[in-house]
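Student: If you scroll down you'll find the structure; I have some questions about it.
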Amino acid sequence: MFCVKCGAECEDFEEGGILRQRCMHCGYIHYKNPYPCIAVLVVNDFGQILLGKRGEKSIYPGKWCLPCGYIEYDETYVEAAAREIKEETGITSPPDGIINVVSNQFDNGVHSLVVVMISHYHGDEPLKPGNDIIDAGWFDVDRLPPLAFSADVFIIGKYERMLEKGGITMLTLEGNSVYGH
Ligand SMILES: [Zn+2]
């Protein structure tokens with residue numbers, strides 16, 4: 001590979017048992033980290049869950065998933081959640097709290113760290129699939145379509161199990177963004 005800072009060639013070196021790449025010209029070390037992502041369990045007043053069907057260019061095309069995506073540099077993870085819901089399904093539904101945090105290591109080599117949130121939706125906007133999502137729908141938890149991610153299967157199951165106990169435990173979002181220091 002070539003250095004993202006200066007374009008010179010990089011060399012492999014080992015640091016604490018991890019193989020990394022270092023620029024032979026400027027010394028810049030290319031750390032490889034998981035991608036920060038969000039996913040949202042959006043639940044309506046009927047207890048149904050909002051899912052999107054994945055398009056041809058996605059991994060696991062044709063399968064369904066919770067609204068999800070990468071956090072952009074200029075937004076908080078909470079803003080990313082509201083944006084992805086809007087882009088992928090057309091509705092406005094800000095998240096209410098965190099219900100899980102997952103390390104996803106996929107078959108294609110992508111490693112993401114996903115903050116999973118819940119959003120309680122009370123509106124009746126029509127669903128409009130967008131981005132890499134080709135269909136969107138509300139589903140009863142006992143009649144789910146084939147899901148792309150086992151992390152989604154887990155969190156929907158947990159939500160269902162905890163309904164009888166008064167609802168899923170969530171960490172609220174106060175203090176979720178810090179600016180300056
Ligand atoms: Zn360099």
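Each chain in the structure tokens gets a letter, A, B, ..., in the order shown, and its residues are numbered from 1; ligands are numbered from 1 in order too.
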For ligand 1, return the neighbouring residues as a list of chain:residue names (distance at most 10 Å; only C-alpha atoms and all ligand atoms).
Tutor: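 Residues lying within 10 Å of ligand 1: A:Phe2, A:Cys3, A:Val4, A:Lys5, A:Cys6, A:Gly7, A:Ala8, A:Glu9, A:Cys10, A:Arg22, A:Cys23, A:Met24, A:His25, A:Cys26, A:Gly27, A:Tyr28, A:Ile29, A:His30.
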Student: I need the residues from that last selection saved to file as a PDB file, in the first residue's frame (with N, CA, C and O atoms), if you can.
Tutor:
```pdb
ATOM      1  N   PHE A   2       0.207   2.397  -0.316  1.00  0.00           N
ATOM      2  CA  PHE A   2       0.928   3.662  -0.333  1.00  0.00           C
ATOM      3  C   PHE A   2       0.369   4.597   0.746  1.00  0.00           C
ATOM      4  O   PHE A   2      -0.796   4.510   1.129  1.00  0.00           O
ATOM      5  N   CYS A   3       1.237   5.481   1.225  1.00  0.00           N
ATOM      6  CA  CYS A   3       0.904   6.358   2.350  1.00  0.00           C
ATOM      7  C   CYS A   3      -0.207   7.356   1.982  1.00  0.00           C
ATOM      8  O   CYS A   3      -0.132   8.014   0.941  1.00  0.00           O
ATOM      9  N   VAL A   4      -1.222   7.474   2.818  1.00  0.00           N
ATOM     10  CA  VAL A   4      -2.309   8.429   2.554  1.00  0.00           C
ATOM     11  C   VAL A   4      -1.856   9.873   2.791  1.00  0.00           C
ATOM     12  O   VAL A   4      -2.482  10.816   2.320  1.00  0.00           O
ATOM     13  N   LYS A   5      -0.748  10.041   3.518  1.00  0.00           N
ATOM     14  CA  LYS A   5      -0.248  11.401   3.815  1.00  0.00           C
ATOM     15  C   LYS A   5       0.663  11.920   2.705  1.00  0.00           C
ATOM     16  O   LYS A   5       0.541  13.058   2.296  1.00  0.00           O
ATOM     17  N   CYS A   6       1.614  11.067   2.255  1.00  0.00           N
ATOM     18  CA  CYS A   6       2.612  11.564   1.298  1.00  0.00           C
ATOM     19  C   CYS A   6       2.703  10.738   0.021  1.00  0.00           C
ATOM     20  O   CYS A   6       3.396  11.130  -0.918  1.00  0.00           O
ATOM     21  N   GLY A   7       2.041   9.613  -0.040  1.00  0.00           N
ATOM     22  CA  GLY A   7       2.007   8.828  -1.276  1.00  0.00           C
ATOM     23  C   GLY A   7       3.172   7.863  -1.450  1.00  0.00           C
ATOM     24  O   GLY A   7       3.221   7.127  -2.432  1.00  0.00           O
ATOM     25  N   ALA A   8       4.143   7.876  -0.517  1.00  0.00           N
ATOM     26  CA  ALA A   8       5.296   6.967  -0.634  1.00  0.00           C
ATOM     27  C   ALA A   8       4.889   5.539  -0.271  1.00  0.00           C
ATOM     28  O   ALA A   8       3.816   5.306   0.279  1.00  0.00           O
ATOM     29  N   GLU A   9       5.788   4.622  -0.553  1.00  0.00           N
ATOM     30  CA  GLU A   9       5.485   3.219  -0.292  1.00  0.00           C
ATOM     31  C   GLU A   9       5.569   2.910   1.206  1.00  0.00           C
ATOM     32  O   GLU A   9       6.356   3.524   1.931  1.00  0.00           O
ATOM     33  N   CYS A  10       4.744   1.970   1.645  1.00  0.00           N
ATOM     34  CA  CYS A  10       4.740   1.579   3.051  1.00  0.00           C
ATOM     35  C   CYS A  10       5.378   0.212   3.228  1.00  0.00           C
ATOM     36  O   CYS A  10       5.437  -0.593   2.303  1.00  0.00           O
ATOM     37  N   ARG A  22       3.724   0.979   7.772  1.00  0.00           N
ATOM     38  CA  ARG A  22       4.332   2.265   8.122  1.00  0.00           C
ATOM     39  C   ARG A  22       4.950   2.852   6.858  1.00  0.00           C
ATOM     40  O   ARG A  22       5.566   2.140   6.068  1.00  0.00           O
ATOM     41  N   CYS A  23       4.785   4.181   6.694  1.00  0.00           N
ATOM     42  CA  CYS A  23       5.348   4.854   5.521  1.00  0.00           C
ATOM     43  C   CYS A  23       6.871   4.883   5.616  1.00  0.00           C
ATOM     44  O   CYS A  23       7.430   5.276   6.649  1.00  0.00           O
ATOM     45  N   MET A  24       7.544   4.470   4.517  1.00  0.00           N
ATOM     46  CA  MET A  24       9.011   4.432   4.530  1.00  0.00           C
ATOM     47  C   MET A  24       9.599   5.826   4.366  1.00  0.00           C
ATOM     48  O   MET A  24      10.775   6.049   4.605  1.00  0.00           O
ATOM     49  N   HIS A  25       8.756   6.794   3.957  1.00  0.00           N
ATOM     50  CA  HIS A  25       9.252   8.154   3.751  1.00  0.00           C
ATOM     51  C   HIS A  25       8.975   9.045   4.977  1.00  0.00           C
ATOM     52  O   HIS A  25       9.893   9.612   5.570  1.00  0.00           O
ATOM     53  N   CYS A  26       7.684   9.154   5.385  1.00  0.00           N
ATOM     54  CA  CYS A  26       7.343  10.095   6.468  1.00  0.00           C
ATOM     55  C   CYS A  26       7.092   9.402   7.810  1.00  0.00           C
ATOM     56  O   CYS A  26       6.916  10.070   8.833  1.00  0.00           O
ATOM     57  N   GLY A  27       7.060   8.077   7.811  1.00  0.00           N
ATOM     58  CA  GLY A  27       6.916   7.358   9.081  1.00  0.00           C
ATOM     59  C   GLY A  27       5.489   7.207   9.584  1.00  0.00           C
ATOM     60  O   GLY A  27       5.246   6.638  10.648  1.00  0.00           O
ATOM     61  N   TYR A  28       4.543   7.733   8.813  1.00  0.00           N
ATOM     62  CA  TYR A  28       3.129   7.654   9.225  1.00  0.00           C
ATOM     63  C   TYR A  28       2.688   6.196   9.367  1.00  0.00           C
ATOM     64  O   TYR A  28       2.960   5.365   8.488  1.00  0.00           O
ATOM     65  N   ILE A  29       2.052   5.892  10.485  1.00  0.00           N
ATOM     66  CA  ILE A  29       1.589   4.524  10.727  1.00  0.00           C
ATOM     67  C   ILE A  29       0.103   4.433  10.415  1.00  0.00           C
ATOM     68  O   ILE A  29      -0.694   5.256  10.872  1.00  0.00           O
ATOM     69  N   HIS A  30      -0.244   3.444   9.604  1.00  0.00           N
ATOM     70  CA  HIS A  30      -1.638   3.255   9.216  1.00  0.00           C
ATOM     71  C   HIS A  30      -2.312   2.288  10.188  1.00  0.00           C
ATOM     72  O   HIS A  30      -2.211   1.082  10.020  1.00  0.00           O
TER      73      HIS A  30
END
```
Student: Using backbone DSSP assignments, extract all helix (DSSP H, G or I) residues from chain A; output them as a count of residues only.
Tutor: 27
Student: Determine, using only C-alpha atoms, which residues of segment 117-150 of chain A have any atom at most 9 Å from an atom of segment 38-43 of chain A, and tabulate each with its shortest atom pair and distance in Å to one decimal place, rows ordered by chain and then rising number, as JSON lines.
Tutor:
```
{"residue": "A:Met117", "atom": "CA", "partner": "A:Val40", "partner_atom": "CA", "distance": 4.7}
{"residue": "A:Ile118", "atom": "CA", "partner": "A:Leu41", "partner_atom": "CA", "distance": 4.7}
{"residue": "A:Ser119", "atom": "CA", "partner": "A:Val42", "partner_atom": "CA", "distance": 4.7}
{"residue": "A:His120", "atom": "CA", "partner": "A:Val43", "partner_atom": "CA", "distance": 5.1}
{"residue": "A:Tyr121", "atom": "CA", "partner": "A:Val43", "partner_atom": "CA", "distance": 5.9}
{"residue": "A:His122", "atom": "CA", "partner": "A:Val43", "partner_atom": "CA", "distance": 8.7}
{"residue": "A:Trp138", "atom": "CA", "partner": "A:Val43", "partner_atom": "CA", "distance": 8.5}
```
Student: Can you write out the residues you just picked, keeping all heavy atoms, as a PDB file, in the first residue's frame?
Tutor:
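So the final result, stored in selection.pdb, reads:
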```pdb
ATOM      1  N   MET A 117     -29.531   1.520  18.807  1.00  0.00           N
ATOM      2  CA  MET A 117     -30.473   2.365  19.556  1.00  0.00           C
ATOM      3  C   MET A 117     -31.903   1.918  19.331  1.00  0.00           C
ATOM      4  O   MET A 117     -32.183   1.147  18.420  1.00  0.00           O
ATOM      5  CB  MET A 117     -30.296   3.826  19.122  1.00  0.00           C
ATOM      6  CG  MET A 117     -29.082   4.483  19.748  1.00  0.00           C
ATOM      7  SD  MET A 117     -28.603   6.004  18.884  1.00  0.00           S
ATOM      8  CE  MET A 117     -27.555   5.317  17.612  1.00  0.00           C
ATOM      9  N   ILE A 118     -32.788   2.434  20.186  1.00  0.00           N
ATOM     10  CA  ILE A 118     -34.220   2.201  19.988  1.00  0.00           C
ATOM     11  C   ILE A 118     -34.893   3.544  19.729  1.00  0.00           C
ATOM     12  O   ILE A 118     -34.463   4.586  20.254  1.00  0.00           O
ATOM     13  CB  ILE A 118     -34.858   1.470  21.201  1.00  0.00           C
ATOM     14  CG1 ILE A 118     -36.292   1.036  20.874  1.00  0.00           C
ATOM     15  CG2 ILE A 118     -34.797   2.320  22.470  1.00  0.00           C
ATOM     16  CD1 ILE A 118     -36.869   0.014  21.849  1.00  0.00           C
ATOM     17  N   SER A 119     -35.918   3.531  18.890  1.00  0.00           N
ATOM     18  CA  SER A 119     -36.678   4.734  18.590  1.00  0.00           C
ATOM     19  C   SER A 119     -38.157   4.351  18.597  1.00  0.00           C
ATOM     20  O   SER A 119     -38.557   3.405  17.920  1.00  0.00           O
ATOM     21  CB  SER A 119     -36.263   5.261  17.205  1.00  0.00           C
ATOM     22  OG  SER A 119     -37.114   6.319  16.819  1.00  0.00           O
ATOM     23  N   HIS A 120     -38.957   5.053  19.395  1.00  0.00           N
ATOM     24  CA  HIS A 120     -40.394   4.782  19.455  1.00  0.00           C
ATOM     25  C   HIS A 120     -41.100   5.747  18.509  1.00  0.00           C
ATOM     26  O   HIS A 120     -41.057   6.962  18.708  1.00  0.00           O
ATOM     27  CB  HIS A 120     -40.899   4.941  20.894  1.00  0.00           C
ATOM     28  CG  HIS A 120     -40.259   3.974  21.837  1.00  0.00           C
ATOM     29  ND1 HIS A 120     -39.111   4.273  22.551  1.00  0.00           N
ATOM     30  CD2 HIS A 120     -40.578   2.693  22.152  1.00  0.00           C
ATOM     31  CE1 HIS A 120     -38.761   3.220  23.284  1.00  0.00           C
ATOM     32  NE2 HIS A 120     -39.635   2.255  23.062  1.00  0.00           N
ATOM     33  N   TYR A 121     -41.743   5.197  17.491  1.00  0.00           N
ATOM     34  CA  TYR A 121     -42.356   6.016  16.445  1.00  0.00           C
ATOM     35  C   TYR A 121     -43.867   6.068  16.634  1.00  0.00           C
ATOM     36  O   TYR A 121     -44.522   5.035  16.767  1.00  0.00           O
ATOM     37  CB  TYR A 121     -42.023   5.426  15.069  1.00  0.00           C
ATOM     38  CG  TYR A 121     -42.605   6.197  13.920  1.00  0.00           C
ATOM     39  CD1 TYR A 121     -42.126   7.468  13.609  1.00  0.00           C
ATOM     40  CD2 TYR A 121     -43.633   5.669  13.146  1.00  0.00           C
ATOM     41  CE1 TYR A 121     -42.657   8.193  12.553  1.00  0.00           C
ATOM     42  CE2 TYR A 121     -44.165   6.391  12.087  1.00  0.00           C
ATOM     43  CZ  TYR A 121     -43.671   7.650  11.793  1.00  0.00           C
ATOM     44  OH  TYR A 121     -44.197   8.371  10.752  1.00  0.00           O
ATOM     45  N   HIS A 122     -44.423   7.290  16.642  1.00  0.00           N
ATOM     46  CA  HIS A 122     -45.864   7.452  16.874  1.00  0.00           C
ATOM     47  C   HIS A 122     -46.602   8.027  15.668  1.00  0.00           C
ATOM     48  O   HIS A 122     -47.796   8.291  15.738  1.00  0.00           O
ATOM     49  CB  HIS A 122     -46.090   8.350  18.094  1.00  0.00           C
ATOM     50  CG  HIS A 122     -45.366   7.873  19.320  1.00  0.00           C
ATOM     51  ND1 HIS A 122     -45.674   6.683  19.936  1.00  0.00           N
ATOM     52  CD2 HIS A 122     -44.322   8.405  20.012  1.00  0.00           C
ATOM     53  CE1 HIS A 122     -44.866   6.512  20.986  1.00  0.00           C
ATOM     54  NE2 HIS A 122     -44.038   7.536  21.038  1.00  0.00           N
ATOM     55  N   TRP A 138     -43.136  -2.422   8.018  1.00  0.00           N
ATOM     56  CA  TRP A 138     -43.316  -2.677   9.445  1.00  0.00           C
ATOM     57  C   TRP A 138     -43.644  -4.165   9.616  1.00  0.00           C
ATOM     58  O   TRP A 138     -44.517  -4.685   8.914  1.00  0.00           O
ATOM     59  CB  TRP A 138     -44.476  -1.845   9.993  1.00  0.00           C
ATOM     60  CG  TRP A 138     -44.219  -0.377  10.002  1.00  0.00           C
ATOM     61  CD1 TRP A 138     -44.694   0.551   9.124  1.00  0.00           C
ATOM     62  CD2 TRP A 138     -43.426   0.348  10.954  1.00  0.00           C
ATOM     63  NE1 TRP A 138     -44.243   1.806   9.461  1.00  0.00           N
ATOM     64  CE2 TRP A 138     -43.465   1.711  10.577  1.00  0.00           C
ATOM     65  CE3 TRP A 138     -42.681  -0.025  12.079  1.00  0.00           C
ATOM     66  CZ2 TRP A 138     -42.791   2.701  11.294  1.00  0.00           C
ATOM     67  CZ3 TRP A 138     -42.005   0.962  12.790  1.00  0.00           C
ATOM     68  CH2 TRP A 138     -42.074   2.309  12.396  1.00  0.00           C
TER      69      TRP A 138
END
```
Student: Given the choices A:Ile91, A:Ile168, A:Val78, A:Cys68, which gets closest to Val114 of chain A if the distance is worked out from only C-alpha atoms?
Tutor: A:Cys68
Student: If you run DSSP on the backbone, which residues of chain A are strand (DSSP E or B), as a PyMOL selection string?
Tutor: chain A and resi 2+9-15+18-23+29-30+35-43+49-54+64-65+68-70+97-105+111-120+133-139+147+171-172
Student: Please report, as CSV, each residue of segment 11-89 of chain A lying at most 9 Å from segment 146-167 of chain A, together with the nearest pair of atoms and the separation in Å rounded to one decimal; use only C-alpha atoms, and order rows by chain and ascending residue number.
Tutor:
```
residue,atom,partner,partner_atom,distance
A:Ala39,CA,A:Asp152,CA,8.7
A:Leu41,CA,A:Ile156,CA,7.7
A:Ile49,CA,A:Ile156,CA,8.3
A:Lys53,CA,A:Leu147,CA,8.8
A:Arg54,CA,A:Ala148,CA,8.3
A:Ile59,CA,A:Ala148,CA,8.4
A:Tyr60,CA,A:Ala148,CA,5.8
A:Pro61,CA,A:Ala148,CA,8.1
A:Gly62,CA,A:Ala148,CA,8.4
A:Lys63,CA,A:Ala148,CA,5.1
A:Trp64,CA,A:Leu147,CA,4.6
A:Cys65,CA,A:Leu147,CA,5.7
A:Leu66,CA,A:Asp152,CA,6.7
```
Student: If you keep all heavy atoms, can you produce a file of those selected residues as a short mmCIF file (atom, residue, chain, number, x, y, z; two decimals), in the first residue's frame?
Tutor:
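Saved file selection_17.cif follows:
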```cif
data_model
loop_
_atom_site.label_atom_id
_atom_site.label_comp_id
_atom_site.auth_asym_id
_atom_site.auth_seq_id
_atom_site.Cartn_x
_atom_site.Cartn_y
_atom_site.Cartn_z
N ALA A 39 -27.19 1.39 14.35
CA ALA A 39 -28.37 0.67 13.87
C ALA A 39 -29.50 1.05 14.81
O ALA A 39 -29.26 1.38 15.98
CB ALA A 39 -28.13 -0.84 13.89
N LEU A 41 -33.49 0.11 16.23
CA LEU A 41 -34.72 -0.67 16.32
C LEU A 41 -35.86 0.34 16.45
O LEU A 41 -36.05 0.93 17.51
CB LEU A 41 -34.65 -1.57 17.56
CG LEU A 41 -35.80 -2.54 17.79
CD1 LEU A 41 -35.72 -3.71 16.82
CD2 LEU A 41 -35.80 -3.06 19.21
N ILE A 49 -41.85 -3.68 14.04
CA ILE A 49 -40.47 -3.24 13.85
C ILE A 49 -40.23 -2.82 12.41
O ILE A 49 -40.70 -3.47 11.48
CB ILE A 49 -39.53 -4.38 14.27
CG1 ILE A 49 -39.53 -4.45 15.80
CG2 ILE A 49 -38.12 -4.19 13.75
CD1 ILE A 49 -38.97 -5.71 16.32
N LYS A 53 -35.15 -3.69 3.12
CA LYS A 53 -34.61 -4.77 2.29
C LYS A 53 -33.37 -4.26 1.55
O LYS A 53 -33.42 -3.23 0.89
CB LYS A 53 -35.67 -5.25 1.29
CG LYS A 53 -35.28 -6.49 0.54
CD LYS A 53 -36.42 -6.95 -0.36
CE LYS A 53 -36.10 -8.28 -1.02
NZ LYS A 53 -37.18 -8.70 -1.92
N ARG A 54 -32.30 -5.03 1.63
CA ARG A 54 -31.00 -4.58 1.13
C ARG A 54 -30.88 -4.75 -0.39
O ARG A 54 -31.24 -5.78 -0.94
CB ARG A 54 -29.89 -5.33 1.86
CG ARG A 54 -29.97 -5.12 3.37
CD ARG A 54 -28.99 -5.97 4.12
NE ARG A 54 -27.62 -5.63 3.77
CZ ARG A 54 -26.96 -4.59 4.25
NH1 ARG A 54 -27.53 -3.77 5.11
NH2 ARG A 54 -25.72 -4.36 3.89
N ILE A 59 -23.81 -5.82 1.02
CA ILE A 59 -23.52 -7.20 1.38
C ILE A 59 -24.84 -7.79 1.86
O ILE A 59 -25.68 -7.10 2.43
CB ILE A 59 -22.40 -7.36 2.44
CG1 ILE A 59 -22.64 -6.50 3.68
CG2 ILE A 59 -21.04 -7.05 1.85
CD1 ILE A 59 -21.77 -6.91 4.85
N TYR A 60 -25.03 -9.08 1.61
CA TYR A 60 -26.28 -9.80 1.91
C TYR A 60 -27.49 -9.14 1.21
O TYR A 60 -28.47 -8.78 1.85
CB TYR A 60 -26.50 -9.90 3.42
CG TYR A 60 -25.27 -10.33 4.17
CD1 TYR A 60 -24.73 -9.55 5.19
CD2 TYR A 60 -24.62 -11.52 3.85
CE1 TYR A 60 -23.58 -9.95 5.87
CE2 TYR A 60 -23.47 -11.91 4.53
CZ TYR A 60 -22.95 -11.12 5.53
OH TYR A 60 -21.81 -11.50 6.18
N PRO A 61 -27.41 -8.97 -0.13
CA PRO A 61 -28.53 -8.38 -0.86
C PRO A 61 -29.79 -9.23 -0.75
O PRO A 61 -29.71 -10.46 -0.66
CB PRO A 61 -28.03 -8.33 -2.31
CG PRO A 61 -26.95 -9.35 -2.38
CD PRO A 61 -26.33 -9.39 -1.02
N GLY A 62 -30.94 -8.56 -0.76
CA GLY A 62 -32.22 -9.27 -0.71
C GLY A 62 -32.67 -9.62 0.70
O GLY A 62 -33.82 -10.00 0.90
N LYS A 63 -31.74 -9.51 1.66
CA LYS A 63 -32.14 -9.77 3.04
C LYS A 63 -32.51 -8.44 3.71
O LYS A 63 -32.23 -7.37 3.20
CB LYS A 63 -31.01 -10.47 3.79
CG LYS A 63 -30.73 -11.84 3.19
CD LYS A 63 -30.15 -12.77 4.21
CE LYS A 63 -30.12 -14.19 3.67
NZ LYS A 63 -29.44 -15.10 4.57
N TRP A 64 -33.10 -8.56 4.89
CA TRP A 64 -33.63 -7.38 5.56
C TRP A 64 -32.78 -7.01 6.77
O TRP A 64 -32.10 -7.87 7.36
CB TRP A 64 -35.07 -7.66 6.00
CG TRP A 64 -36.01 -7.85 4.85
CD1 TRP A 64 -36.06 -8.93 4.01
CD2 TRP A 64 -37.02 -6.94 4.40
NE1 TRP A 64 -37.05 -8.76 3.07
CE2 TRP A 64 -37.66 -7.55 3.28
CE3 TRP A 64 -37.46 -5.68 4.83
CZ2 TRP A 64 -38.70 -6.93 2.60
CZ3 TRP A 64 -38.49 -5.07 4.14
CH2 TRP A 64 -39.11 -5.69 3.05
N CYS A 65 -32.84 -5.74 7.17
CA CYS A 65 -32.05 -5.30 8.33
C CYS A 65 -32.70 -4.08 8.98
O CYS A 65 -33.55 -3.42 8.38
CB CYS A 65 -30.62 -4.96 7.91
SG CYS A 65 -30.51 -3.60 6.75
N LEU A 66 -32.27 -3.81 10.20
CA LEU A 66 -32.67 -2.57 10.87
C LEU A 66 -32.03 -1.41 10.10
O LEU A 66 -30.97 -1.59 9.49
CB LEU A 66 -32.13 -2.54 12.31
CG LEU A 66 -32.55 -3.67 13.25
CD1 LEU A 66 -31.91 -3.44 14.63
CD2 LEU A 66 -34.07 -3.74 13.39
#
```
Student: Please determine, counting only C-alpha atoms, which residue among A:Asn100, A:His181, A:Pro36, A:Leu144 has the shortest atom-to-atom distance to Tyr77 of chain A.
Tutor: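 When distances to Tyr77 of chain A are compared using only C-alpha atoms, the smallest one comes from A:Pro36.
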Student: Could you tell me how far atom CA of Leu127 of chain A sits from atom CA of Thr76 of chain A, in Å to one decimal place?
Tutor: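 About the pair atom CA of Thr76 of chain A and atom CA of Leu127 of chain A: they are 24.5 Å apart.
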Student: What does the structure give for the distance between atom CA of Arg143 of chain A and atom CA of Asp107 of chain A, in Å to one decimal?
Tutor: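 Atom-to-atom, atom CA of Arg143 of chain A to atom CA of Asp107 of chain A, that is 26.7 Å.
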Student: What's the 9 Å shell around Tyr35 of chain A, counting only C-alpha atoms, without same-chain residues fewer than 3 positions away, as a list in words?
Tutor: Tyr70, Ile71, Val110, His111, Ser112, Leu113 and Val114 of chain A
Student: Please identify all polymer residues within 12 Å of segment 175-178 of chain A, counting only C-alpha atoms, omitting same-chain residues fewer than 6 positions from it, and present them as a PyMOL selection string.
Tutor: chain A and resi 74-79+95-98+115
Student: Since we have the selection now, will you write its residues out, keeping all heavy atoms, as a JSON list (two decimals), in the first residue's frame?
Tutor:
```json
[["chain", "number", "residue", "atom", "x", "y", "z"],
["A", 74, "ASP", "N", -18.89, 14.63, 10.48],
["A", 74, "ASP", "CA", -19.47, 15.87, 11.00],
["A", 74, "ASP", "C", -20.76, 15.68, 11.79],
["A", 74, "ASP", "O", -21.48, 16.64, 12.01],
["A", 74, "ASP", "CB", -19.76, 16.83, 9.83],
["A", 74, "ASP", "CG", -18.47, 17.33, 9.21],
["A", 74, "ASP", "OD1", -17.47, 17.42, 9.95],
["A", 74, "ASP", "OD2", -18.45, 17.61, 8.01],
["A", 75, "GLU", "N", -21.07, 14.48, 12.19],
["A", 75, "GLU", "CA", -22.31, 14.27, 12.94],
["A", 75, "GLU", "C", -22.06, 13.39, 14.16],
["A", 75, "GLU", "O", -21.07, 12.67, 14.24],
["A", 75, "GLU", "CB", -23.38, 13.62, 12.03],
["A", 75, "GLU", "CG", -23.04, 12.20, 11.61],
["A", 75, "GLU", "CD", -24.03, 11.63, 10.59],
["A", 75, "GLU", "OE1", -24.99, 12.32, 10.20],
["A", 75, "GLU", "OE2", -23.82, 10.48, 10.20],
["A", 76, "THR", "N", -22.99, 13.48, 15.13],
["A", 76, "THR", "CA", -22.93, 12.60, 16.29],
["A", 76, "THR", "C", -23.58, 11.27, 15.92],
["A", 76, "THR", "O", -24.29, 11.18, 14.90],
["A", 76, "THR", "CB", -23.69, 13.21, 17.48],
["A", 76, "THR", "OG1", -25.09, 13.22, 17.17],
["A", 76, "THR", "CG2", -23.23, 14.63, 17.78],
["A", 77, "TYR", "N", -23.38, 10.26, 16.75],
["A", 77, "TYR", "CA", -24.00, 8.96, 16.43],
["A", 77, "TYR", "C", -25.52, 9.05, 16.52],
["A", 77, "TYR", "O", -26.24, 8.33, 15.81],
["A", 77, "TYR", "CB", -23.45, 7.85, 17.32],
["A", 77, "TYR", "CG", -23.84, 7.92, 18.78],
["A", 77, "TYR", "CD1", -24.98, 7.26, 19.24],
["A", 77, "TYR", "CD2", -23.09, 8.64, 19.70],
["A", 77, "TYR", "CE1", -25.35, 7.32, 20.57],
["A", 77, "TYR", "CE2", -23.45, 8.71, 21.03],
["A", 77, "TYR", "CZ", -24.59, 8.05, 21.46],
["A", 77, "TYR", "OH", -24.96, 8.12, 22.78],
["A", 78, "VAL", "N", -26.05, 9.98, 17.35],
["A", 78, "VAL", "CA", -27.50, 10.16, 17.47],
["A", 78, "VAL", "C", -28.05, 10.80, 16.18],
["A", 78, "VAL", "O", -29.09, 10.38, 15.66],
["A", 78, "VAL", "CB", -27.84, 11.01, 18.71],
["A", 78, "VAL", "CG1", -29.33, 11.31, 18.77],
["A", 78, "VAL", "CG2", -27.38, 10.30, 19.98],
["A", 79, "GLU", "N", -27.32, 11.78, 15.66],
["A", 79, "GLU", "CA", -27.72, 12.41, 14.39],
["A", 79, "GLU", "C", -27.64, 11.39, 13.25],
["A", 79, "GLU", "O", -28.49, 11.37, 12.36],
["A", 79, "GLU", "CB", -26.82, 13.61, 14.08],
["A", 79, "GLU", "CG", -27.08, 14.80, 14.99],
["A", 79, "GLU", "CD", -25.98, 15.86, 14.95],
["A", 79, "GLU", "OE1", -24.87, 15.58, 14.46],
["A", 79, "GLU", "OE2", -26.23, 16.97, 15.44],
["A", 95, "PRO", "N", -33.84, 8.72, 17.76],
["A", 95, "PRO", "CA", -33.65, 7.64, 18.72],
["A", 95, "PRO", "C", -33.88, 8.09, 20.16],
["A", 95, "PRO", "O", -33.71, 9.26, 20.49],
["A", 95, "PRO", "CB", -32.18, 7.24, 18.51],
["A", 95, "PRO", "CG", -31.53, 8.44, 17.94],
["A", 95, "PRO", "CD", -32.57, 9.16, 17.15],
["A", 96, "ASP", "N", -34.31, 7.14, 21.01],
["A", 96, "ASP", "CA", -34.59, 7.44, 22.42],
["A", 96, "ASP", "C", -33.52, 6.94, 23.38],
["A", 96, "ASP", "O", -33.39, 7.44, 24.49],
["A", 96, "ASP", "CB", -35.93, 6.80, 22.83],
["A", 96, "ASP", "CG", -37.08, 7.34, 22.00],
["A", 96, "ASP", "OD1", -37.19, 8.58, 21.90],
["A", 96, "ASP", "OD2", -37.83, 6.54, 21.44],
["A", 97, "GLY", "N", -32.79, 5.91, 22.99],
["A", 97, "GLY", "CA", -31.77, 5.37, 23.89],
["A", 97, "GLY", "C", -30.98, 4.26, 23.25],
["A", 97, "GLY", "O", -31.31, 3.77, 22.17],
["A", 98, "ILE", "N", -29.91, 3.85, 23.95],
["A", 98, "ILE", "CA", -29.02, 2.78, 23.47],
["A", 98, "ILE", "C", -29.48, 1.46, 24.07],
["A", 98, "ILE", "O", -29.72, 1.37, 25.28],
["A", 98, "ILE", "CB", -27.56, 3.06, 23.90],
["A", 98, "ILE", "CG1", -27.07, 4.36, 23.27],
["A", 98, "ILE", "CG2", -26.64, 1.90, 23.52],
["A", 98, "ILE", "CD1", -25.78, 4.89, 23.88],
["A", 115, "VAL", "N", -23.35, 1.01, 17.46],
["A", 115, "VAL", "CA", -24.19, 1.46, 18.57],
["A", 115, "VAL", "C", -25.63, 1.20, 18.16],
["A", 115, "VAL", "O", -26.10, 1.76, 17.16],
["A", 115, "VAL", "CB", -23.99, 2.96, 18.86],
["A", 115, "VAL", "CG1", -24.86, 3.41, 20.04],
["A", 115, "VAL", "CG2", -22.52, 3.27, 19.13]]
```
Student: Can you work out which one of A:Pro145, A:Ser58, A:Ile134, A:Lys128 has the shortest atom-to-atom distance to Asn108 of chain A, counting only C-alpha atoms?
Tutor: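 Closest to Asn108 of chain A, using only C-alpha atoms: A:Ser58.
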Student: When you count only C-alpha atoms, which of these residues is closest to Glu72 of chain A: A:Gln21, A:Tyr31, A:Glu84, A:Pro129?
Tutor: A:Glu84
Student: Go ahead and compute the interatomic distance for atom CA of Thr89 of chain A and atom CA of Gly52 of chain A, in Å to one decimal.
Tutor: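 Rounded to one decimal, the two atoms are 7.1 Å apart.
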